[in-house]
file model_10.cif (mmCIF, C-alpha atoms)
data_upload
loop_
_atom_site.group_PDB
_atom_site.id
_atom_site.type_symbol
_atom_site.label_atom_id
_atom_site.label_comp_id
_atom_site.auth_asym_id
_atom_site.auth_seq_id
_atom_site.Cartn_x
_atom_site.Cartn_y
_atom_site.Cartn_z
ATOM 1 C CA LYS A 1237 -9.938 235.124 -56.035
ATOM 2 C CA PRO A 1238 -8.296 234.942 -52.601
ATOM 3 C CA SER A 1239 -4.894 234.499 -54.253
ATOM 4 C CA THR A 1240 -5.403 237.699 -56.274
ATOM 5 C CA HIS A 1241 -6.515 239.547 -53.149
ATOM 6 C CA ASP A 1242 -3.406 238.319 -51.342
ATOM 7 C CA SER A 1243 -1.201 239.550 -54.200
ATOM 8 C CA TYR A 1244 -2.782 243.020 -54.078
ATOM 9 C CA ARG A 1245 -2.435 243.154 -50.302
ATOM 10 C CA LYS A 1246 1.227 242.159 -50.490
ATOM 11 C CA ALA A 1247 1.917 244.770 -53.167
ATOM 12 C CA LEU A 1248 0.328 247.471 -51.027
ATOM 13 C CA ASP A 1249 1.980 246.498 -47.758
ATOM 14 C CA GLN A 1250 5.424 245.686 -49.113
ATOM 15 C CA TYR A 1251 5.911 248.304 -51.814
ATOM 16 C CA LEU A 1252 3.233 250.939 -52.452
ATOM 17 C CA ILE A 1253 2.413 252.056 -48.909
ATOM 18 C CA PRO A 1254 6.100 252.364 -47.876
ATOM 19 C CA ALA A 1255 6.749 254.440 -51.008
ATOM 20 C CA PHE A 1256 3.604 256.605 -51.141
ATOM 21 C CA GLY A 1257 1.733 256.088 -47.864
ATOM 22 C CA ASP A 1258 2.944 259.330 -46.260
ATOM 23 C CA LEU A 1259 2.061 261.452 -49.302
ATOM 24 C CA PRO A 1260 -1.374 263.002 -49.888
ATOM 25 C CA LEU A 1261 -2.728 261.855 -53.237
ATOM 26 C CA ASP A 1262 -2.502 265.352 -54.687
ATOM 27 C CA ALA A 1263 1.183 265.512 -53.670
ATOM 28 C CA ILE A 1264 2.224 262.488 -55.737
ATOM 29 C CA THR A 1265 4.071 263.674 -58.820
ATOM 30 C CA ARG A 1266 5.406 262.068 -61.963
ATOM 31 C CA LYS A 1267 8.867 262.399 -60.433
ATOM 32 C CA HIS A 1268 7.747 260.268 -57.474
ATOM 33 C CA VAL A 1269 6.431 257.560 -59.799
ATOM 34 C CA LYS A 1270 9.610 257.533 -61.908
ATOM 35 C CA GLY A 1271 11.686 257.370 -58.736
ATOM 36 C CA PHE A 1272 9.610 254.455 -57.479
ATOM 37 C CA ILE A 1273 10.152 252.535 -60.719
ATOM 38 C CA ALA A 1274 13.894 253.191 -60.552
ATOM 39 C CA GLU A 1275 14.009 252.035 -56.923
ATOM 40 C CA MET A 1276 12.198 248.801 -57.765
ATOM 41 C CA HIS A 1277 14.767 248.111 -60.487
ATOM 42 C CA GLN A 1278 17.544 248.749 -57.977
ATOM 43 C CA LYS A 1279 15.936 246.258 -55.602
ATOM 44 C CA GLY A 1280 16.213 243.645 -58.346
ATOM 45 C CA LEU A 1281 12.500 243.135 -58.983
ATOM 46 C CA LYS A 1282 11.611 241.610 -62.317
ATOM 47 C CA PRO A 1283 10.181 243.950 -64.967
ATOM 48 C CA GLY A 1284 6.871 242.067 -64.921
ATOM 49 C CA THR A 1285 6.547 242.591 -61.155
ATOM 50 C CA ILE A 1286 7.357 246.294 -61.490
ATOM 51 C CA ARG A 1287 4.804 246.588 -64.288
ATOM 52 C CA ASN A 1288 2.166 245.054 -62.011
ATOM 53 C CA LEU A 1289 3.034 247.432 -59.171
ATOM 54 C CA LYS A 1290 2.762 250.391 -61.538
ATOM 55 C CA ALA A 1291 -0.606 249.096 -62.732
ATOM 56 C CA TYR A 1292 -1.918 248.867 -59.139
ATOM 57 C CA LEU A 1293 -0.716 252.412 -58.460
ATOM 58 C CA SER A 1294 -2.280 253.656 -61.706
ATOM 59 C CA CYS A 1295 -5.604 252.101 -60.734
ATOM 60 C CA ILE A 1296 -5.577 253.954 -57.401
ATOM 61 C CA LEU A 1297 -4.672 257.237 -59.071
ATOM 62 C CA SER A 1298 -7.331 256.750 -61.770
ATOM 63 C CA GLU A 1299 -9.966 256.478 -59.046
ATOM 64 C CA ALA A 1300 -8.588 259.659 -57.482
ATOM 65 C CA VAL A 1301 -8.950 261.447 -60.825
ATOM 66 C CA ASP A 1302 -12.512 260.144 -61.250
ATOM 67 C CA ASP A 1303 -13.371 261.314 -57.725
ATOM 68 C CA GLU A 1304 -11.836 264.733 -58.539
ATOM 69 C CA ILE A 1305 -9.309 264.387 -55.715
ATOM 70 C CA ILE A 1306 -6.500 265.071 -58.176
ATOM 71 C CA GLY A 1307 -6.594 266.844 -61.506
ATOM 72 C CA THR A 1308 -3.917 264.961 -63.416
ATOM 73 C CA HIS A 1309 -2.707 261.383 -63.425
ATOM 74 C CA PRO A 1310 1.024 261.329 -62.526
ATOM 75 C CA ALA A 1311 1.559 257.698 -63.538
ATOM 76 C CA LEU A 1312 0.345 257.983 -67.117
ATOM 77 C CA ARG A 1313 2.843 256.909 -69.768
ATOM 78 C CA THR A 1314 5.461 255.901 -67.190
ATOM 79 C CA GLY A 1315 5.572 252.318 -68.412
ATOM 80 C CA LYS A 1316 8.375 253.291 -70.798
ATOM 81 C CA PHE A 1317 10.669 253.669 -67.793
ATOM 82 C CA ILE A 1318 10.296 249.966 -66.961
ATOM 83 C CA LYS A 1319 12.989 247.824 -68.507
ATOM 84 C CA LYS A 1320 11.902 245.283 -71.070
ATOM 85 C CA GLU A 1321 11.474 241.701 -69.981
ATOM 86 C CA ASP A 1322 14.459 239.471 -70.446
ATOM 87 C CA GLN A 1323 13.941 236.912 -73.169
ATOM 88 C CA ALA A 1324 11.869 234.074 -71.792
ATOM 89 C CA LYS A 1325 13.898 231.122 -70.655
ATOM 90 C CA GLU A 1326 13.518 228.023 -72.733
ATOM 91 C CA ILE A 1327 11.311 225.408 -71.112
ATOM 92 C CA ASN A 1328 13.233 222.228 -70.457
ATOM 93 C CA PRO A 1329 10.729 219.439 -69.757
ATOM 94 C CA LEU A 1330 11.653 215.927 -68.720
ATOM 95 C CA SER A 1331 12.817 213.650 -71.482
ATOM 96 C CA TRP A 1332 10.980 210.369 -72.045
ATOM 97 C CA GLU A 1333 13.826 208.560 -70.295
ATOM 98 C CA GLU A 1334 13.702 210.923 -67.309
ATOM 99 C CA LYS A 1335 9.921 210.614 -67.104
ATOM 100 C CA ALA A 1336 10.121 206.822 -67.141
ATOM 101 C CA LYS A 1337 12.838 206.920 -64.475
ATOM 102 C CA LEU A 1338 10.727 209.155 -62.242
ATOM 103 C CA GLU A 1339 7.694 206.900 -62.635
ATOM 104 C CA SER A 1340 9.624 203.740 -61.806
ATOM 105 C CA THR A 1341 11.431 205.341 -58.850
ATOM 106 C CA VAL A 1342 8.213 206.612 -57.287
ATOM 107 C CA LYS A 1343 6.490 203.284 -57.864
ATOM 108 C CA GLU A 1344 9.358 201.395 -56.212
ATOM 109 C CA HIS A 1345 10.084 203.665 -53.251
ATOM 110 C CA TYR A 1346 6.819 205.588 -52.750
ATOM 111 C CA PRO A 1347 4.066 203.298 -54.121
ATOM 112 C CA ARG A 1348 1.400 205.108 -52.091
ATOM 113 C CA TRP A 1349 2.002 208.260 -54.164
ATOM 114 C CA HIS A 1350 2.511 206.613 -57.539
ATOM 115 C CA PRO A 1351 -1.066 207.388 -58.750
ATOM 116 C CA PHE A 1352 -0.589 211.053 -57.857
ATOM 117 C CA PHE A 1353 2.696 211.418 -59.731
ATOM 118 C CA LEU A 1354 1.433 209.405 -62.686
ATOM 119 C CA THR A 1355 -1.619 211.676 -62.948
ATOM 120 C CA ALA A 1356 0.654 214.712 -62.889
ATOM 121 C CA LEU A 1357 2.979 213.318 -65.544
ATOM 122 C CA ARG A 1358 0.273 212.009 -67.870
ATOM 123 C CA THR A 1359 -2.102 215.014 -67.716
ATOM 124 C CA GLY A 1360 0.106 218.065 -67.118
ATOM 125 C CA MET A 1361 -2.329 219.344 -64.492
ATOM 126 C CA ARG A 1362 -1.190 222.067 -62.096
ATOM 127 C CA LEU A 1363 -0.358 221.071 -58.518
ATOM 128 C CA GLY A 1364 -3.354 222.935 -57.094
ATOM 129 C CA GLU A 1365 -5.661 221.189 -59.564
ATOM 130 C CA LEU A 1366 -4.279 217.771 -58.618
ATOM 131 C CA LEU A 1367 -4.810 218.449 -54.906
ATOM 132 C CA ALA A 1368 -8.400 219.574 -55.543
ATOM 133 C CA LEU A 1369 -9.446 216.489 -57.530
ATOM 134 C CA GLN A 1370 -12.396 214.466 -56.240
ATOM 135 C CA PRO A 1371 -13.345 210.889 -57.206
ATOM 136 C CA GLY A 1372 -16.390 212.179 -59.069
ATOM 137 C CA ASP A 1373 -14.106 214.065 -61.439
ATOM 138 C CA LEU A 1374 -12.904 210.783 -62.950
ATOM 139 C CA ASP A 1375 -14.863 209.437 -65.910
ATOM 140 C CA PHE A 1376 -13.529 205.982 -66.666
ATOM 141 C CA ASN A 1377 -16.165 205.341 -69.336
ATOM 142 C CA GLY A 1378 -15.339 208.521 -71.208
ATOM 143 C CA GLY A 1379 -11.619 208.204 -70.494
ATOM 144 C CA PHE A 1380 -11.129 211.715 -69.148
ATOM 145 C CA ILE A 1381 -10.738 213.776 -65.959
ATOM 146 C CA GLU A 1382 -12.793 216.918 -65.382
ATOM 147 C CA VAL A 1383 -10.681 219.707 -63.902
ATOM 148 C CA LYS A 1384 -13.122 221.890 -61.966
ATOM 149 C CA ARG A 1385 -11.254 223.510 -59.074
ATOM 150 C CA SER A 1386 -7.874 224.269 -57.570
ATOM 151 C CA PHE A 1387 -6.183 224.731 -54.206
ATOM 152 C CA THR A 1388 -4.205 227.971 -54.300
ATOM 153 C CA ARG A 1389 -2.385 229.367 -51.262
ATOM 154 C CA GLY A 1390 -4.593 227.377 -48.926
ATOM 155 C CA HIS A 1391 -7.860 228.392 -50.600
ATOM 156 C CA LEU A 1392 -10.204 226.251 -52.677
ATOM 157 C CA THR A 1393 -11.039 228.211 -55.814
ATOM 158 C CA THR A 1394 -11.714 227.862 -59.528
ATOM 159 C CA THR A 1395 -9.109 226.861 -62.087
ATOM 160 C CA LYS A 1396 -6.701 229.546 -63.291
ATOM 161 C CA SER A 1397 -8.861 230.249 -66.344
ATOM 162 C CA GLY A 1398 -12.072 230.026 -64.330
ATOM 163 C CA LYS A 1399 -13.344 227.347 -66.721
ATOM 164 C CA ILE A 1400 -13.880 223.603 -66.386
ATOM 165 C CA ARG A 1401 -11.821 221.538 -68.795
ATOM 166 C CA ARG A 1402 -11.295 217.879 -69.589
ATOM 167 C CA VAL A 1403 -7.971 216.088 -69.805
ATOM 168 C CA ASP A 1404 -7.572 212.640 -71.308
ATOM 169 C CA MET A 1405 -6.703 209.576 -69.253
ATOM 170 C CA SER A 1406 -4.255 207.230 -70.912
ATOM 171 C CA LYS A 1407 -4.947 203.513 -70.622
ATOM 172 C CA LYS A 1408 -2.172 203.117 -68.051
ATOM 173 C CA LEU A 1409 -3.408 206.049 -65.983
ATOM 174 C CA SER A 1410 -6.977 204.765 -66.099
ATOM 175 C CA GLU A 1411 -5.901 201.311 -64.891
ATOM 176 C CA THR A 1412 -3.739 202.822 -62.158
ATOM 177 C CA LEU A 1413 -6.513 205.078 -60.879
ATOM 178 C CA LYS A 1414 -9.051 202.233 -60.921
ATOM 179 C CA ALA A 1415 -6.707 200.193 -58.717
ATOM 180 C CA TYR A 1416 -6.168 203.246 -56.538
ATOM 181 C CA MET A 1417 -9.926 203.618 -56.025
ATOM 182 C CA VAL A 1418 -9.958 200.077 -54.619
ATOM 183 C CA GLU A 1419 -7.132 201.037 -52.228
ATOM 184 C CA ARG A 1420 -9.157 204.057 -51.111
ATOM 185 C CA LYS A 1421 -11.997 201.764 -50.096
ATOM 186 C CA LYS A 1422 -9.580 199.541 -48.177
ATOM 187 C CA ASP A 1423 -8.182 202.599 -46.373
ATOM 188 C CA THR A 1424 -11.713 203.693 -45.463
ATOM 189 C CA LEU A 1425 -12.529 200.314 -43.918
ATOM 190 C CA LYS A 1426 -9.143 199.950 -42.234
ATOM 191 C CA ASN A 1427 -9.331 203.367 -40.580
ATOM 192 C CA GLY A 1428 -13.047 203.223 -39.760
ATOM 193 C CA TRP A 1429 -13.763 206.485 -41.591
ATOM 194 C CA GLY A 1430 -17.312 205.540 -42.572
ATOM 195 C CA GLU A 1431 -17.064 207.543 -45.787
ATOM 196 C CA PRO A 1432 -14.104 207.727 -48.193
ATOM 197 C CA PRO A 1433 -12.125 211.003 -48.213
ATOM 198 C CA VAL A 1434 -13.631 213.855 -50.196
ATOM 199 C CA TRP A 1435 -10.377 214.458 -52.063
ATOM 200 C CA LEU A 1436 -9.005 211.956 -54.528
ATOM 201 C CA PHE A 1437 -5.462 212.176 -53.172
ATOM 202 C CA TYR A 1438 -4.981 212.321 -49.411
ATOM 203 C CA SER A 1439 -2.602 211.414 -46.592
ATOM 204 C CA ALA A 1440 -3.786 208.273 -44.854
#
call {"tool": "encode", "arguments": {"input": "model_10.cif", "output": "structure tokens"}}
result
Amino acid sequence: KPSTHDSYRKALDQYLIPAFGDLPLDAITRKHVKGFIAEMHQKGLKPGTIRNLKAYLSCILSEAVDDEIIGTHPALRTGKFIKKEDQAKEINPLSWEEKAKLESTVKEHYPRWHPFFLTALRTGMRLGELLALQPGDLDFNGGFIEVKRSFTRGHLTTTKSGKIRRVDMSKKLSETLKAYMVERKKDTLKNGWGEPPVWLFYSA
């Protein structure tokens, strides 16, 4: 995916090339790798990020071994030098009272975006998935929404899992989205667009 490619490119440009770019592959030693890990800890990077960087480096070095550019793999078994992850923080979702307050506040002050926020609150969809919804993804007869795609870092791509899934529409959400579809048609006529917007949620 483009987002994965961007992550690899950032890791190379920001960390791996500055650390190893001036070294021939056969000059990289285990000491260099251990020093790199220690430096990343000193920079304050999270253990998971450091583990990813080490994995990218290991992949490069594995290819060098396969291509017989180097004889040994200097990054093998260096994961033990990466500190363990801190205990995961407890998720603190909105309470029912907070959720109701958010819904009512948006409906009162930002009615144009109420359907968007209600869909987010009632389905738990990711932001990129919400932005990539199309009218055809709504099944009012079946009472569900098909989640098929996502906007990630400016790119239209598949969902995080790569699979299509269905999420249920509550009665309130279904009624709200039906009314919203009527407003979409009014917007289309008012603005002379000819065809309604491709995306379910849009800026008029």
call {"tool": "resolve_selection", "arguments": {"input": "model_10.cif", "expression": "the PyMOL selection byres ((chain A and resi 1399-1413) around 8)", "output": "compact mmCIF listing (two decimals) with C-alpha atoms, keeping the file's coordinate frame"}}
result
# COMPACT_ATOMS: atom_id res chain seq x y z
CA PRO A 1351 -1.07 207.39 -58.75
CA LEU A 1354 1.43 209.40 -62.69
CA THR A 1355 -1.62 211.68 -62.95
CA ARG A 1358 0.27 212.01 -67.87
CA THR A 1359 -2.10 215.01 -67.72
CA PHE A 1376 -13.53 205.98 -66.67
CA GLY A 1379 -11.62 208.20 -70.49
CA PHE A 1380 -11.13 211.72 -69.15
CA ILE A 1381 -10.74 213.78 -65.96
CA GLU A 1382 -12.79 216.92 -65.38
CA VAL A 1383 -10.68 219.71 -63.90
CA LYS A 1384 -13.12 221.89 -61.97
CA ARG A 1385 -11.25 223.51 -59.07
CA THR A 1394 -11.71 227.86 -59.53
CA THR A 1395 -9.11 226.86 -62.09
CA LYS A 1396 -6.70 229.55 -63.29
CA SER A 1397 -8.86 230.25 -66.34
CA GLY A 1398 -12.07 230.03 -64.33
CA LYS A 1414 -9.05 202.23 -60.92
CA ALA A 1415 -6.71 200.19 -58.72
CA TYR A 1416 -6.17 203.25 -56.54
CA MET A 1417 -9.93 203.62 -56.02
call {"tool": "atom_distance", "arguments": {"input": "model_10.cif", "atom1": "CA of Phe1352 (chain A)", "atom2": "CA of Glu1419 (chain A)"}}
result
13.2 Å
call {"tool": "atom_distance", "arguments": {"input": "model_10.cif", "atom1": "CA of Tyr1292 (chain A)", "atom2": "CA of Thr1388 (chain A)"}}
result
21.6 Å
call {"tool": "atom_distance", "arguments": {"input": "model_10.cif", "atom1": "CA of Pro1260 (chain A)", "atom2": "CA of Leu1248 (chain A)"}}
result
15.7 Å
call {"tool": "resolve_selection", "arguments": {"input": "model_10.cif", "expression": "the PyMOL selection byres ((chain A and resi 1285-1291) around 7)", "output": "list in words"}}
result
Ala1247, Ile1273, Met1276, Leu1281, Lys1282, Pro1283, Gly1284, Tyr1292, Leu1293, Ser1294, Cys1295 and Ile1318 of chain A
call {"tool": "write_last_selection", "arguments": {"input": "model_10.cif", "atoms": "C-alpha atoms", "output": "compact mmCIF listing (two decimals), in the frame of the given file"}}
result
# COMPACT_ATOMS: atom_id res chain seq x y z
CA ALA A 1247 1.92 244.77 -53.17
CA ILE A 1273 10.15 252.54 -60.72
CA MET A 1276 12.20 248.80 -57.76
CA LEU A 1281 12.50 243.14 -58.98
CA LYS A 1282 11.61 241.61 -62.32
CA PRO A 1283 10.18 243.95 -64.97
CA GLY A 1284 6.87 242.07 -64.92
CA TYR A 1292 -1.92 248.87 -59.14
CA LEU A 1293 -0.72 252.41 -58.46
CA SER A 1294 -2.28 253.66 -61.71
CA CYS A 1295 -5.60 252.10 -60.73
CA ILE A 1318 10.30 249.97 -66.96
call {"tool": "axis_aligned_box", "arguments": {"input": "model_10.cif", "around": "region 1297-1308 of chain A", "padding_each_side": "5 Å", "output": "lines of an AutoDock Vina configuration file"}}
result
center_x = -8.6
center_y = 261.7
center_z = -59.6
size_x = 19.5
size_y = 20.4
size_z = 17.7
call {"tool": "residues_around", "arguments": {"input": "model_10.cif", "residues": "Thr1265 (chain A)", "least_positions_apart": "6", "cutoff": "10 Å", "atoms": "only C-alpha atoms", "output": "PyMOL selection string"}}
result
chain A and resi 1259+1271+1308-1311
call {"tool": "residues_around", "arguments": {"input": "model_10.cif", "residues": "Phe1437 (chain A)", "least_positions_apart": "3", "cutoff": "9 Å", "atoms": "all atoms listed in the file", "output": "ChimeraX atom specification"}}
result
/A:1349,1351-1352,1366-1371,1433-1434
call {"tool": "closest_residue", "arguments": {"input": "model_10.cif", "among": "A:Phe1353, A:Ile1296, A:Gly1372, A:Asp1423", "to": "Leu1261 (chain A)", "atoms": "only C-alpha atoms"}}
result
A:Ile1296
call {"tool": "residues_around", "arguments": {"input": "model_10.cif", "residues": "Phe1387 (chain A)", "least_positions_apart": "4", "cutoff": "7 Å", "atoms": "only C-alpha atoms", "output": "VMD selection string"}}
result
chain A and resid 1364 to 1365 1367 to 1368 1391 to 1393
call {"tool": "closest_residue", "arguments": {"input": "model_10.cif", "among": "A:Pro1347, A:Ala1356, A:Arg1389, A:Lys1279", "to": "Thr1240 (chain A)", "atoms": "all atoms listed in the file"}}
result
A:Arg1389
call {"tool": "closest_residue", "arguments": {"input": "model_10.cif", "among": "A:Arg1348, A:Asn1328, A:Leu1252, A:Val1418", "to": "Tyr1438 (chain A)", "atoms": "all atoms listed in the file"}}
result
A:Arg1348
call {"tool": "closest_residue", "arguments": {"input": "model_10.cif", "among": "A:Tyr1346, A:Phe1317, A:Leu1357, A:Ser1386", "to": "Glu1334 (chain A)", "atoms": "all atoms listed in the file"}}
result
A:Leu1357
